[in-house]
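Undergrad: Below you'll find structure17.cif; it's mmCIF, N, CA and C atoms.
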data_input
loop_
_atom_site.label_atom_id
_atom_site.label_comp_id
_atom_site.auth_asym_id
_atom_site.auth_seq_id
_atom_site.Cartn_x
_atom_site.Cartn_y
_atom_site.Cartn_z
N MET A 8 81.89 283.97 -24.13
CA MET A 8 82.63 283.02 -24.93
C MET A 8 81.92 282.88 -26.28
N LYS A 9 82.65 283.04 -27.36
CA LYS A 9 82.08 282.91 -28.69
C LYS A 9 81.94 281.43 -29.05
N ASN A 10 80.93 281.12 -29.85
CA ASN A 10 80.75 279.75 -30.32
C ASN A 10 81.82 279.41 -31.34
N PRO A 11 82.19 278.12 -31.43
CA PRO A 11 83.15 277.72 -32.45
C PRO A 11 82.51 277.82 -33.84
N PRO A 12 83.33 277.76 -34.88
CA PRO A 12 82.78 277.79 -36.24
C PRO A 12 81.80 276.64 -36.46
N ALA A 13 80.89 276.81 -37.39
CA ALA A 13 79.92 275.76 -37.71
C ALA A 13 80.64 274.46 -38.05
N GLY A 14 80.14 273.37 -37.48
CA GLY A 14 80.72 272.06 -37.74
C GLY A 14 81.92 271.71 -36.89
N TRP A 15 82.25 272.57 -35.95
CA TRP A 15 83.40 272.32 -35.08
C TRP A 15 82.93 272.19 -33.64
N PRO A 16 83.38 271.13 -32.93
CA PRO A 16 83.06 271.04 -31.51
C PRO A 16 83.93 272.03 -30.73
N ARG A 17 83.59 272.27 -29.51
CA ARG A 17 84.38 273.19 -28.69
C ARG A 17 85.75 272.57 -28.36
N ILE A 18 85.81 271.25 -28.25
CA ILE A 18 87.08 270.57 -27.97
C ILE A 18 87.27 269.46 -29.01
N SER A 19 88.47 269.37 -29.53
CA SER A 19 88.83 268.27 -30.42
C SER A 19 90.23 267.81 -30.02
N ASN A 20 90.67 266.71 -30.59
CA ASN A 20 91.93 266.13 -30.17
C ASN A 20 92.73 265.64 -31.38
N SER A 21 94.05 265.66 -31.26
CA SER A 21 94.93 265.11 -32.28
C SER A 21 95.50 263.79 -31.78
N VAL A 22 95.54 262.81 -32.67
CA VAL A 22 96.07 261.49 -32.34
C VAL A 22 97.16 261.21 -33.37
N TYR A 23 98.36 260.88 -32.90
CA TYR A 23 99.49 260.72 -33.79
C TYR A 23 99.84 259.25 -34.01
N TYR A 24 100.16 258.95 -35.27
CA TYR A 24 100.46 257.59 -35.69
C TYR A 24 101.74 257.57 -36.52
N ASP A 25 102.43 256.43 -36.51
CA ASP A 25 103.59 256.23 -37.38
C ASP A 25 103.13 256.07 -38.83
N ASP A 26 101.94 255.50 -39.03
CA ASP A 26 101.38 255.31 -40.36
C ASP A 26 99.96 255.87 -40.37
N PRO A 27 99.83 257.20 -40.49
CA PRO A 27 98.51 257.82 -40.39
C PRO A 27 97.53 257.39 -41.49
N ARG A 28 98.02 257.12 -42.68
CA ARG A 28 97.13 256.68 -43.76
C ARG A 28 96.45 255.36 -43.36
N ARG A 29 97.25 254.43 -42.89
CA ARG A 29 96.70 253.14 -42.45
C ARG A 29 95.78 253.33 -41.25
N ALA A 30 96.16 254.22 -40.35
CA ALA A 30 95.34 254.46 -39.15
C ALA A 30 93.97 255.03 -39.53
N ILE A 31 93.94 255.97 -40.46
CA ILE A 31 92.67 256.54 -40.89
C ILE A 31 91.77 255.45 -41.46
N ASP A 32 92.30 254.65 -42.36
CA ASP A 32 91.50 253.56 -42.95
C ASP A 32 91.00 252.61 -41.86
N TRP A 33 91.87 252.30 -40.90
CA TRP A 33 91.51 251.37 -39.84
C TRP A 33 90.44 251.97 -38.93
N LEU A 34 90.57 253.23 -38.55
CA LEU A 34 89.58 253.86 -37.67
C LEU A 34 88.20 253.93 -38.33
N VAL A 35 88.18 254.14 -39.63
CA VAL A 35 86.91 254.15 -40.37
C VAL A 35 86.30 252.75 -40.35
N SER A 36 87.10 251.76 -40.66
CA SER A 36 86.61 250.38 -40.74
C SER A 36 86.26 249.80 -39.37
N ALA A 37 87.14 249.98 -38.41
CA ALA A 37 86.99 249.33 -37.10
C ALA A 37 86.02 250.03 -36.17
N PHE A 38 86.03 251.36 -36.16
CA PHE A 38 85.26 252.10 -35.17
C PHE A 38 84.13 252.94 -35.77
N GLY A 39 84.09 253.06 -37.09
CA GLY A 39 83.01 253.80 -37.71
C GLY A 39 83.21 255.30 -37.85
N PHE A 40 84.45 255.77 -37.74
CA PHE A 40 84.72 257.18 -38.00
C PHE A 40 84.41 257.49 -39.46
N GLU A 41 84.18 258.76 -39.75
CA GLU A 41 84.00 259.21 -41.13
C GLU A 41 85.07 260.24 -41.43
N VAL A 42 85.63 260.16 -42.63
CA VAL A 42 86.65 261.12 -43.05
C VAL A 42 85.95 262.38 -43.52
N ARG A 43 86.21 263.48 -42.83
CA ARG A 43 85.66 264.77 -43.23
C ARG A 43 86.63 265.49 -44.16
N LEU A 44 87.93 265.31 -43.90
CA LEU A 44 88.94 265.97 -44.71
C LEU A 44 90.23 265.17 -44.62
N LYS A 45 90.86 264.97 -45.77
CA LYS A 45 92.18 264.32 -45.80
C LYS A 45 93.01 265.05 -46.84
N VAL A 46 94.04 265.77 -46.38
CA VAL A 46 94.93 266.52 -47.25
C VAL A 46 96.22 265.72 -47.39
N GLU A 47 96.56 265.44 -48.63
CA GLU A 47 97.76 264.65 -48.91
C GLU A 47 98.84 265.53 -49.51
N GLY A 48 100.09 265.26 -49.12
CA GLY A 48 101.23 265.97 -49.67
C GLY A 48 101.60 265.42 -51.02
N ASP A 49 102.53 266.09 -51.69
CA ASP A 49 102.99 265.64 -53.01
C ASP A 49 103.57 264.23 -52.96
N ASP A 50 104.11 263.86 -51.81
CA ASP A 50 104.70 262.53 -51.67
C ASP A 50 103.68 261.48 -51.20
N GLY A 51 102.41 261.86 -51.12
CA GLY A 51 101.37 260.93 -50.70
C GLY A 51 101.18 260.86 -49.20
N SER A 52 101.97 261.63 -48.46
CA SER A 52 101.84 261.62 -46.99
C SER A 52 100.57 262.37 -46.56
N ILE A 53 100.15 262.13 -45.35
CA ILE A 53 98.99 262.83 -44.79
C ILE A 53 99.49 264.13 -44.18
N VAL A 54 99.06 265.25 -44.72
CA VAL A 54 99.44 266.57 -44.22
C VAL A 54 98.48 267.00 -43.13
N HIS A 55 97.20 266.71 -43.33
CA HIS A 55 96.16 267.08 -42.36
C HIS A 55 94.97 266.16 -42.57
N SER A 56 94.31 265.79 -41.48
CA SER A 56 93.09 265.00 -41.62
C SER A 56 92.12 265.36 -40.51
N GLU A 57 90.85 265.20 -40.80
CA GLU A 57 89.78 265.42 -39.84
C GLU A 57 88.82 264.24 -39.95
N LEU A 58 88.62 263.54 -38.84
CA LEU A 58 87.69 262.43 -38.79
C LEU A 58 86.60 262.76 -37.79
N THR A 59 85.37 262.41 -38.14
CA THR A 59 84.25 262.67 -37.25
C THR A 59 83.63 261.37 -36.78
N PHE A 60 83.04 261.46 -35.61
CA PHE A 60 82.22 260.39 -35.05
C PHE A 60 81.06 261.11 -34.38
N GLY A 61 79.89 261.05 -35.01
CA GLY A 61 78.78 261.86 -34.52
C GLY A 61 79.20 263.32 -34.58
N ASP A 62 79.07 264.02 -33.45
CA ASP A 62 79.48 265.43 -33.43
C ASP A 62 80.90 265.60 -32.90
N GLY A 63 81.63 264.50 -32.73
CA GLY A 63 83.02 264.56 -32.28
C GLY A 63 83.98 264.69 -33.45
N LEU A 64 85.16 265.23 -33.17
CA LEU A 64 86.15 265.47 -34.21
C LEU A 64 87.53 265.12 -33.67
N ILE A 65 88.31 264.37 -34.47
CA ILE A 65 89.72 264.14 -34.16
C ILE A 65 90.54 264.45 -35.40
N PHE A 66 91.80 264.74 -35.15
CA PHE A 66 92.77 264.90 -36.21
C PHE A 66 93.71 263.71 -36.11
N VAL A 67 94.02 263.08 -37.21
CA VAL A 67 94.99 261.99 -37.23
C VAL A 67 96.21 262.52 -37.95
N GLY A 68 97.34 262.51 -37.24
CA GLY A 68 98.55 263.09 -37.79
C GLY A 68 99.71 262.12 -37.85
N ASP A 69 100.72 262.52 -38.59
CA ASP A 69 101.95 261.75 -38.75
C ASP A 69 102.91 262.16 -37.64
N ALA A 70 103.22 261.24 -36.76
CA ALA A 70 104.04 261.54 -35.59
C ALA A 70 105.41 262.12 -35.99
N ALA A 71 106.06 261.50 -36.93
CA ALA A 71 107.41 261.94 -37.31
C ALA A 71 107.39 263.31 -37.98
N LYS A 72 106.46 263.53 -38.88
CA LYS A 72 106.40 264.82 -39.58
C LYS A 72 106.00 265.94 -38.62
N ALA A 73 105.09 265.68 -37.71
CA ALA A 73 104.67 266.71 -36.75
C ALA A 73 105.83 267.06 -35.81
N THR A 74 106.60 266.07 -35.40
CA THR A 74 107.73 266.32 -34.52
C THR A 74 108.78 267.16 -35.25
N ALA A 75 109.07 266.79 -36.48
CA ALA A 75 110.08 267.52 -37.26
C ALA A 75 109.64 268.96 -37.51
N LYS A 76 108.36 269.15 -37.80
CA LYS A 76 107.84 270.48 -38.14
C LYS A 76 107.73 271.38 -36.92
N ASN A 77 107.23 270.85 -35.82
CA ASN A 77 106.92 271.67 -34.65
C ASN A 77 107.97 271.64 -33.55
N GLY A 78 108.89 270.70 -33.61
CA GLY A 78 109.93 270.61 -32.60
C GLY A 78 109.52 269.90 -31.32
N ALA A 79 108.22 269.78 -31.07
CA ALA A 79 107.74 269.05 -29.89
C ALA A 79 107.57 267.59 -30.29
N VAL A 80 107.90 266.70 -29.39
CA VAL A 80 107.82 265.28 -29.71
C VAL A 80 106.37 264.83 -29.78
N ARG A 81 106.00 264.23 -30.91
CA ARG A 81 104.71 263.59 -31.10
C ARG A 81 105.01 262.13 -31.38
N ALA A 82 104.30 261.22 -30.76
CA ALA A 82 104.64 259.81 -30.92
C ALA A 82 103.39 258.93 -30.84
N SER A 83 103.47 257.81 -31.52
CA SER A 83 102.45 256.79 -31.35
C SER A 83 102.85 255.96 -30.13
N PRO A 84 101.90 255.38 -29.42
CA PRO A 84 102.26 254.55 -28.27
C PRO A 84 103.24 253.43 -28.59
N GLN A 85 103.11 252.82 -29.79
CA GLN A 85 104.01 251.71 -30.12
C GLN A 85 105.46 252.16 -30.22
N SER A 86 105.69 253.44 -30.52
CA SER A 86 107.06 253.93 -30.66
C SER A 86 107.69 254.33 -29.33
N VAL A 87 106.89 254.33 -28.25
CA VAL A 87 107.41 254.69 -26.93
C VAL A 87 107.08 253.61 -25.90
N GLY A 88 107.21 252.38 -26.33
CA GLY A 88 107.03 251.26 -25.42
C GLY A 88 105.60 251.03 -24.95
N GLY A 89 104.62 251.53 -25.69
CA GLY A 89 103.22 251.31 -25.33
C GLY A 89 102.62 252.35 -24.41
N ALA A 90 103.39 253.36 -24.03
CA ALA A 90 102.88 254.39 -23.12
C ALA A 90 101.74 255.18 -23.77
N ASN A 91 100.73 255.49 -22.99
CA ASN A 91 99.62 256.32 -23.43
C ASN A 91 99.51 257.51 -22.49
N THR A 92 99.37 258.69 -23.05
CA THR A 92 99.18 259.87 -22.21
C THR A 92 97.75 260.39 -22.30
N GLN A 93 96.94 259.70 -23.06
CA GLN A 93 95.53 260.08 -23.20
C GLN A 93 94.73 258.85 -23.56
N GLN A 94 93.45 258.94 -23.37
CA GLN A 94 92.55 257.87 -23.78
C GLN A 94 91.32 258.52 -24.37
N MET A 95 90.97 258.12 -25.56
CA MET A 95 89.81 258.68 -26.23
C MET A 95 88.56 257.97 -25.71
N CYS A 96 87.53 258.74 -25.38
CA CYS A 96 86.27 258.19 -24.88
C CYS A 96 85.16 258.54 -25.87
N ILE A 97 84.39 257.54 -26.24
CA ILE A 97 83.35 257.71 -27.24
C ILE A 97 82.05 257.09 -26.73
N TYR A 98 80.98 257.88 -26.72
CA TYR A 98 79.66 257.34 -26.39
C TYR A 98 79.04 256.75 -27.65
N VAL A 99 78.54 255.53 -27.51
CA VAL A 99 77.90 254.81 -28.61
C VAL A 99 76.54 254.30 -28.16
N ASP A 100 75.73 253.88 -29.12
CA ASP A 100 74.42 253.33 -28.80
C ASP A 100 74.49 251.89 -28.32
N ASP A 101 75.54 251.16 -28.73
CA ASP A 101 75.64 249.74 -28.40
C ASP A 101 77.11 249.37 -28.20
N VAL A 102 77.54 249.29 -26.95
CA VAL A 102 78.93 248.97 -26.63
C VAL A 102 79.32 247.59 -27.12
N ASP A 103 78.42 246.63 -26.97
CA ASP A 103 78.76 245.27 -27.39
C ASP A 103 79.02 245.21 -28.90
N ALA A 104 78.21 245.93 -29.68
CA ALA A 104 78.41 245.96 -31.13
C ALA A 104 79.71 246.68 -31.48
N ALA A 105 80.02 247.78 -30.78
CA ALA A 105 81.26 248.52 -31.03
C ALA A 105 82.46 247.64 -30.71
N CYS A 106 82.39 246.89 -29.63
CA CYS A 106 83.48 246.00 -29.24
C CYS A 106 83.65 244.89 -30.28
N ALA A 107 82.55 244.30 -30.72
CA ALA A 107 82.61 243.23 -31.72
C ALA A 107 83.20 243.74 -33.03
N ARG A 108 82.79 244.93 -33.45
CA ARG A 108 83.30 245.51 -34.70
C ARG A 108 84.80 245.76 -34.60
N GLY A 109 85.24 246.33 -33.48
CA GLY A 109 86.67 246.57 -33.29
C GLY A 109 87.47 245.28 -33.24
N ARG A 110 86.96 244.30 -32.52
CA ARG A 110 87.64 243.01 -32.41
C ARG A 110 87.78 242.37 -33.80
N ALA A 111 86.71 242.42 -34.59
CA ALA A 111 86.73 241.83 -35.93
C ALA A 111 87.75 242.52 -36.83
N ALA A 112 88.03 243.80 -36.57
CA ALA A 112 88.99 244.56 -37.37
C ALA A 112 90.41 244.41 -36.84
N GLY A 113 90.59 243.67 -35.75
CA GLY A 113 91.92 243.44 -35.22
C GLY A 113 92.30 244.23 -33.98
N ALA A 114 91.34 244.96 -33.40
CA ALA A 114 91.63 245.67 -32.16
C ALA A 114 91.87 244.66 -31.04
N LYS A 115 92.75 245.00 -30.14
CA LYS A 115 92.96 244.19 -28.94
C LYS A 115 91.94 244.66 -27.90
N VAL A 116 91.14 243.75 -27.39
CA VAL A 116 90.17 244.12 -26.36
C VAL A 116 90.90 244.07 -25.02
N THR A 117 91.13 245.25 -24.43
CA THR A 117 91.85 245.33 -23.16
C THR A 117 90.90 245.35 -21.98
N ARG A 118 89.62 245.58 -22.25
CA ARG A 118 88.58 245.49 -21.22
C ARG A 118 87.28 245.09 -21.92
N GLU A 119 86.83 243.90 -21.62
CA GLU A 119 85.59 243.39 -22.21
C GLU A 119 84.42 244.28 -21.77
N PRO A 120 83.32 244.29 -22.54
CA PRO A 120 82.15 245.08 -22.13
C PRO A 120 81.71 244.72 -20.72
N THR A 121 81.55 245.75 -19.91
CA THR A 121 81.21 245.61 -18.49
C THR A 121 80.17 246.66 -18.13
N THR A 122 79.20 246.26 -17.33
CA THR A 122 78.19 247.20 -16.85
C THR A 122 78.57 247.67 -15.45
N THR A 123 78.56 248.99 -15.23
CA THR A 123 78.91 249.56 -13.94
C THR A 123 77.77 250.44 -13.46
N ASP A 124 77.31 250.18 -12.25
CA ASP A 124 76.24 250.97 -11.61
C ASP A 124 76.92 251.93 -10.64
N TYR A 125 76.81 253.23 -10.91
CA TYR A 125 77.44 254.24 -10.07
C TYR A 125 76.54 254.70 -8.93
N GLY A 126 75.41 254.06 -8.75
CA GLY A 126 74.51 254.39 -7.65
C GLY A 126 73.30 255.17 -8.10
N GLU A 127 72.28 255.16 -7.25
CA GLU A 127 70.99 255.75 -7.63
C GLU A 127 71.07 257.26 -7.88
N ASP A 128 72.06 257.94 -7.34
CA ASP A 128 72.21 259.38 -7.59
C ASP A 128 72.92 259.68 -8.91
N TYR A 129 73.39 258.64 -9.58
CA TYR A 129 74.18 258.85 -10.80
C TYR A 129 73.58 258.07 -11.98
N TRP A 130 74.27 257.05 -12.45
CA TRP A 130 73.81 256.34 -13.65
C TRP A 130 74.43 254.96 -13.73
N VAL A 131 73.99 254.24 -14.75
CA VAL A 131 74.54 252.93 -15.08
C VAL A 131 75.10 253.04 -16.51
N ASP A 132 76.36 252.67 -16.65
CA ASP A 132 77.03 252.66 -17.96
C ASP A 132 77.48 251.26 -18.31
N ARG A 133 77.59 251.01 -19.59
CA ARG A 133 78.24 249.80 -20.09
C ARG A 133 79.42 250.29 -20.92
N SER A 134 80.59 249.71 -20.71
CA SER A 134 81.78 250.21 -21.39
C SER A 134 82.76 249.10 -21.71
N CYS A 135 83.66 249.40 -22.62
CA CYS A 135 84.76 248.50 -22.95
C CYS A 135 85.95 249.35 -23.39
N GLU A 136 87.12 248.74 -23.44
CA GLU A 136 88.31 249.44 -23.90
C GLU A 136 88.98 248.60 -24.98
N LEU A 137 89.34 249.27 -26.08
CA LEU A 137 90.01 248.61 -27.20
C LEU A 137 91.32 249.32 -27.49
N GLN A 138 92.29 248.56 -27.95
CA GLN A 138 93.58 249.11 -28.32
C GLN A 138 93.76 248.97 -29.83
N ASP A 139 94.10 250.06 -30.50
CA ASP A 139 94.27 250.00 -31.95
C ASP A 139 95.65 249.44 -32.30
N PRO A 140 95.92 249.19 -33.58
CA PRO A 140 97.18 248.55 -33.97
C PRO A 140 98.46 249.29 -33.55
N GLU A 141 98.39 250.61 -33.35
CA GLU A 141 99.59 251.34 -32.91
C GLU A 141 99.59 251.62 -31.41
N GLY A 142 98.61 251.08 -30.69
CA GLY A 142 98.64 251.16 -29.23
C GLY A 142 97.77 252.20 -28.58
N HIS A 143 97.07 253.03 -29.35
CA HIS A 143 96.15 254.00 -28.73
C HIS A 143 95.00 253.24 -28.09
N ARG A 144 94.56 253.72 -26.92
CA ARG A 144 93.45 253.12 -26.20
C ARG A 144 92.18 253.92 -26.47
N TRP A 145 91.10 253.21 -26.76
CA TRP A 145 89.80 253.81 -27.06
C TRP A 145 88.78 253.21 -26.10
N TYR A 146 88.09 254.07 -25.40
CA TYR A 146 87.12 253.65 -24.39
C TYR A 146 85.73 253.95 -24.93
N PHE A 147 84.92 252.92 -25.10
CA PHE A 147 83.56 253.08 -25.61
C PHE A 147 82.57 252.94 -24.46
N MET A 148 81.61 253.86 -24.41
CA MET A 148 80.64 253.90 -23.31
C MET A 148 79.22 253.98 -23.87
N GLN A 149 78.30 253.37 -23.12
CA GLN A 149 76.87 253.41 -23.44
C GLN A 149 76.11 253.68 -22.16
N ARG A 150 75.31 254.72 -22.14
CA ARG A 150 74.49 255.01 -20.96
C ARG A 150 73.31 254.04 -20.94
N ILE A 151 73.19 253.30 -19.86
CA ILE A 151 72.11 252.33 -19.71
C ILE A 151 70.90 252.98 -19.06
N SER A 152 71.14 253.73 -17.98
CA SER A 152 70.03 254.42 -17.30
C SER A 152 70.59 255.54 -16.44
N GLY A 153 69.69 256.45 -16.05
CA GLY A 153 70.05 257.55 -15.15
C GLY A 153 70.74 258.69 -15.87
N GLY A 154 71.18 259.64 -15.04
CA GLY A 154 71.94 260.78 -15.48
C GLY A 154 71.42 261.43 -16.69
#
With the file now loaded, output its structure as structure tokens.
TA:
Amino acid sequence: MKNPPAGWPRISNSVYYDDPRRAIDWLVSAFGFEVRLKVEGDDGSIVHSELTFGDGLIFVGDAAKATAKNGAVRASPQSVGGANTQQMCIYVDDVDAACARGRAAGAKVTREPTTTDYGEDYWVDRSCELQDPEGHRWYFMQRISGG
């Protein structure tokens, strides 16, 4: 198996929004993502974007434009009654701080920070779940011990 290009993880994900410009700004402010690339169309729309978090990479896209261009339905959770078909998981150094930052930016806390001990053969994690303004669920995790 060949390595991916420099600066690219082996797996990345696309997240679709009804208002990708607002979503990008919100993800930077609320969760600490960094914009690596943002390509805008002549009409000011987001044509392509790449956001990083540590060594992770996501693409934030326009649900309507992607659906029209590719023929496959792309949707934000808010446009389909809140349904989620994926959940983004992010390891952070401090779950409580990540939760507080998201809450302050307007995220809905759907699971308060909780510590879970998976047993002596595994590890102890602290985690929380936040919902962004368009309904995507983000799961933040912090390894406390083990593993």
Undergrad: Take the PyMOL selection byres (((chain A and resi 11-25 and name CA) around 7) and name CA), run it mentally on this structure, and tell me the resulting residues as a PDB file with N, CA and C atoms, in the coordinates of the input.
TA:
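Full text of out-v2.pdb as output:
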ATOM      1  N   LYS A   9      82.650 283.040 -27.360  1.00  0.00           N
ATOM      2  CA  LYS A   9      82.080 282.910 -28.690  1.00  0.00           C
ATOM      3  C   LYS A   9      81.940 281.430 -29.050  1.00  0.00           C
ATOM      4  N   ASN A  10      80.930 281.120 -29.850  1.00  0.00           N
ATOM      5  CA  ASN A  10      80.750 279.750 -30.320  1.00  0.00           C
ATOM      6  C   ASN A  10      81.820 279.410 -31.340  1.00  0.00           C
ATOM      7  N   ASP A  26     101.940 255.500 -39.030  1.00  0.00           N
ATOM      8  CA  ASP A  26     101.380 255.310 -40.360  1.00  0.00           C
ATOM      9  C   ASP A  26      99.960 255.870 -40.370  1.00  0.00           C
ATOM     10  N   PRO A  27      99.830 257.200 -40.490  1.00  0.00           N
ATOM     11  CA  PRO A  27      98.510 257.820 -40.390  1.00  0.00           C
ATOM     12  C   PRO A  27      97.530 257.390 -41.490  1.00  0.00           C
ATOM     13  N   ALA A  30      96.160 254.220 -40.350  1.00  0.00           N
ATOM     14  CA  ALA A  30      95.340 254.460 -39.150  1.00  0.00           C
ATOM     15  C   ALA A  30      93.970 255.030 -39.530  1.00  0.00           C
ATOM     16  N   ASP A  62      79.070 264.020 -33.450  1.00  0.00           N
ATOM     17  CA  ASP A  62      79.480 265.430 -33.430  1.00  0.00           C
ATOM     18  C   ASP A  62      80.900 265.600 -32.900  1.00  0.00           C
ATOM     19  N   GLY A  63      81.630 264.500 -32.730  1.00  0.00           N
ATOM     20  CA  GLY A  63      83.020 264.560 -32.280  1.00  0.00           C
ATOM     21  C   GLY A  63      83.980 264.690 -33.450  1.00  0.00           C
ATOM     22  N   LEU A  64      85.160 265.230 -33.170  1.00  0.00           N
ATOM     23  CA  LEU A  64      86.150 265.470 -34.210  1.00  0.00           C
ATOM     24  C   LEU A  64      87.530 265.120 -33.670  1.00  0.00           C
ATOM     25  N   ILE A  65      88.310 264.370 -34.470  1.00  0.00           N
ATOM     26  CA  ILE A  65      89.720 264.140 -34.160  1.00  0.00           C
ATOM     27  C   ILE A  65      90.540 264.450 -35.400  1.00  0.00           C
ATOM     28  N   PHE A  66      91.800 264.740 -35.150  1.00  0.00           N
ATOM     29  CA  PHE A  66      92.770 264.900 -36.210  1.00  0.00           C
ATOM     30  C   PHE A  66      93.710 263.710 -36.110  1.00  0.00           C
ATOM     31  N   VAL A  67      94.020 263.080 -37.210  1.00  0.00           N
ATOM     32  CA  VAL A  67      94.990 261.990 -37.230  1.00  0.00           C
ATOM     33  C   VAL A  67      96.210 262.520 -37.950  1.00  0.00           C
ATOM     34  N   GLY A  68      97.340 262.510 -37.240  1.00  0.00           N
ATOM     35  CA  GLY A  68      98.550 263.090 -37.790  1.00  0.00           C
ATOM     36  C   GLY A  68      99.710 262.120 -37.850  1.00  0.00           C
ATOM     37  N   ASP A  69     100.720 262.520 -38.590  1.00  0.00           N
ATOM     38  CA  ASP A  69     101.950 261.750 -38.750  1.00  0.00           C
ATOM     39  C   ASP A  69     102.910 262.160 -37.640  1.00  0.00           C
ATOM     40  N   ALA A  70     103.220 261.240 -36.760  1.00  0.00           N
ATOM     41  CA  ALA A  70     104.040 261.540 -35.590  1.00  0.00           C
ATOM     42  C   ALA A  70     105.410 262.120 -35.990  1.00  0.00           C
ATOM     43  N   ALA A  71     106.060 261.500 -36.930  1.00  0.00           N
ATOM     44  CA  ALA A  71     107.410 261.940 -37.310  1.00  0.00           C
ATOM     45  C   ALA A  71     107.390 263.310 -37.980  1.00  0.00           C
ATOM     46  N   ARG A  81     106.000 264.230 -30.910  1.00  0.00           N
ATOM     47  CA  ARG A  81     104.710 263.590 -31.100  1.00  0.00           C
ATOM     48  C   ARG A  81     105.010 262.130 -31.380  1.00  0.00           C
ATOM     49  N   ALA A  82     104.300 261.220 -30.760  1.00  0.00           N
ATOM     50  CA  ALA A  82     104.640 259.810 -30.920  1.00  0.00           C
ATOM     51  C   ALA A  82     103.390 258.930 -30.840  1.00  0.00           C
ATOM     52  N   SER A  83     103.470 257.810 -31.520  1.00  0.00           N
ATOM     53  CA  SER A  83     102.450 256.790 -31.350  1.00  0.00           C
ATOM     54  C   SER A  83     102.850 255.960 -30.130  1.00  0.00           C
ATOM     55  N   GLU A 141      98.390 250.610 -33.350  1.00  0.00           N
ATOM     56  CA  GLU A 141      99.590 251.340 -32.910  1.00  0.00           C
ATOM     57  C   GLU A 141      99.590 251.620 -31.410  1.00  0.00           C
TER      58      GLU A 141
END
Undergrad: Determine which residues of chain A receive a DSSP assignment of strand (DSSP E or B), computed from the backbone, and state them as a PyMOL selection string.
TA: chain A and resi 20-24+41-47+53-60+63-69+95-98+115-124+130-138+144-153
Undergrad: If the PyMOL selection byres (((chain A and resi 109 and name CA) around 12) and name CA) is run on the structure shown, which residues does it catch, given as an NGL selection string?
TA: :A and (33-40 or 102-108 or 110-117 or 119 or 135-140 or 144-147)
Undergrad: Counting all atoms listed in the file, write as a PDB file with N, CA and C atoms, in the coordinates of the input all protein and nucleic acid residues lying at most 5 Å from (86.3, 259.3, -41.9) in the file's frame.
TA:
ATOM      1  N   PHE A  40      84.450 255.770 -37.740  1.00  0.00           N
ATOM      2  CA  PHE A  40      84.720 257.180 -38.000  1.00  0.00           C
ATOM      3  C   PHE A  40      84.410 257.490 -39.460  1.00  0.00           C
ATOM      4  N   GLU A  41      84.180 258.760 -39.750  1.00  0.00           N
ATOM      5  CA  GLU A  41      84.000 259.210 -41.130  1.00  0.00           C
ATOM      6  C   GLU A  41      85.070 260.240 -41.430  1.00  0.00           C
ATOM      7  N   VAL A  42      85.630 260.160 -42.630  1.00  0.00           N
ATOM      8  CA  VAL A  42      86.650 261.120 -43.050  1.00  0.00           C
ATOM      9  C   VAL A  42      85.950 262.380 -43.520  1.00  0.00           C
ATOM     10  N   ARG A  43      86.210 263.480 -42.830  1.00  0.00           N
ATOM     11  CA  ARG A  43      85.660 264.770 -43.230  1.00  0.00           C
ATOM     12  C   ARG A  43      86.630 265.490 -44.160  1.00  0.00           C
ATOM     13  N   LEU A  58      88.620 263.540 -38.840  1.00  0.00           N
ATOM     14  CA  LEU A  58      87.690 262.430 -38.790  1.00  0.00           C
ATOM     15  C   LEU A  58      86.600 262.760 -37.790  1.00  0.00           C
ATOM     16  N   THR A  59      85.370 262.410 -38.140  1.00  0.00           N
ATOM     17  CA  THR A  59      84.250 262.670 -37.250  1.00  0.00           C
ATOM     18  C   THR A  59      83.630 261.370 -36.780  1.00  0.00           C
TER      19      THR A  59
END
Undergrad: Check what the PyMOL selection byres ((chain A and resi 130) around 8) selects in the file above and give those residues as a list in words.
TA: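 Selected by the PyMOL selection byres ((chain A and resi 130) around 8) here: Thr123, Asp124, Tyr125, Gly126, Glu127, Asp128, Tyr129, Val131, Asp132, Arg133, Arg150, Ile151, Ser152, Gly153 and Gly154 of chain A.
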Undergrad: Rounded to one decimal in Å, what is the spacing between atom C of Asp49 (chain A) and atom N of Arg29 (chain A)?
TA: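 Taking atom C of Asp49 (chain A) as the start and atom N of Arg29 (chain A) as the end point, the length is 15.4 Å.
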Undergrad: Rounded to one decimal, what separation in Å do you get between CA of Arg28 (chain A) and CA of Gln94 (chain A)?
TA: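 It comes out at 20.5 Å.
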Undergrad: Record the distance separating CA of Gln85 (chain A) and CA of Lys72 (chain A), expressed in Å with one decimal.
TA: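 Between CA of Gln85 (chain A) and CA of Lys72 (chain A) the gap is 16.3 Å.
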Undergrad: Using the chain letters and numbers from this document, which residues of region 29-95 of chain A does DSSP assign to alpha helix (DSSP H), as a ChimeraX atom specification?
TA: /A:29-38,70-77
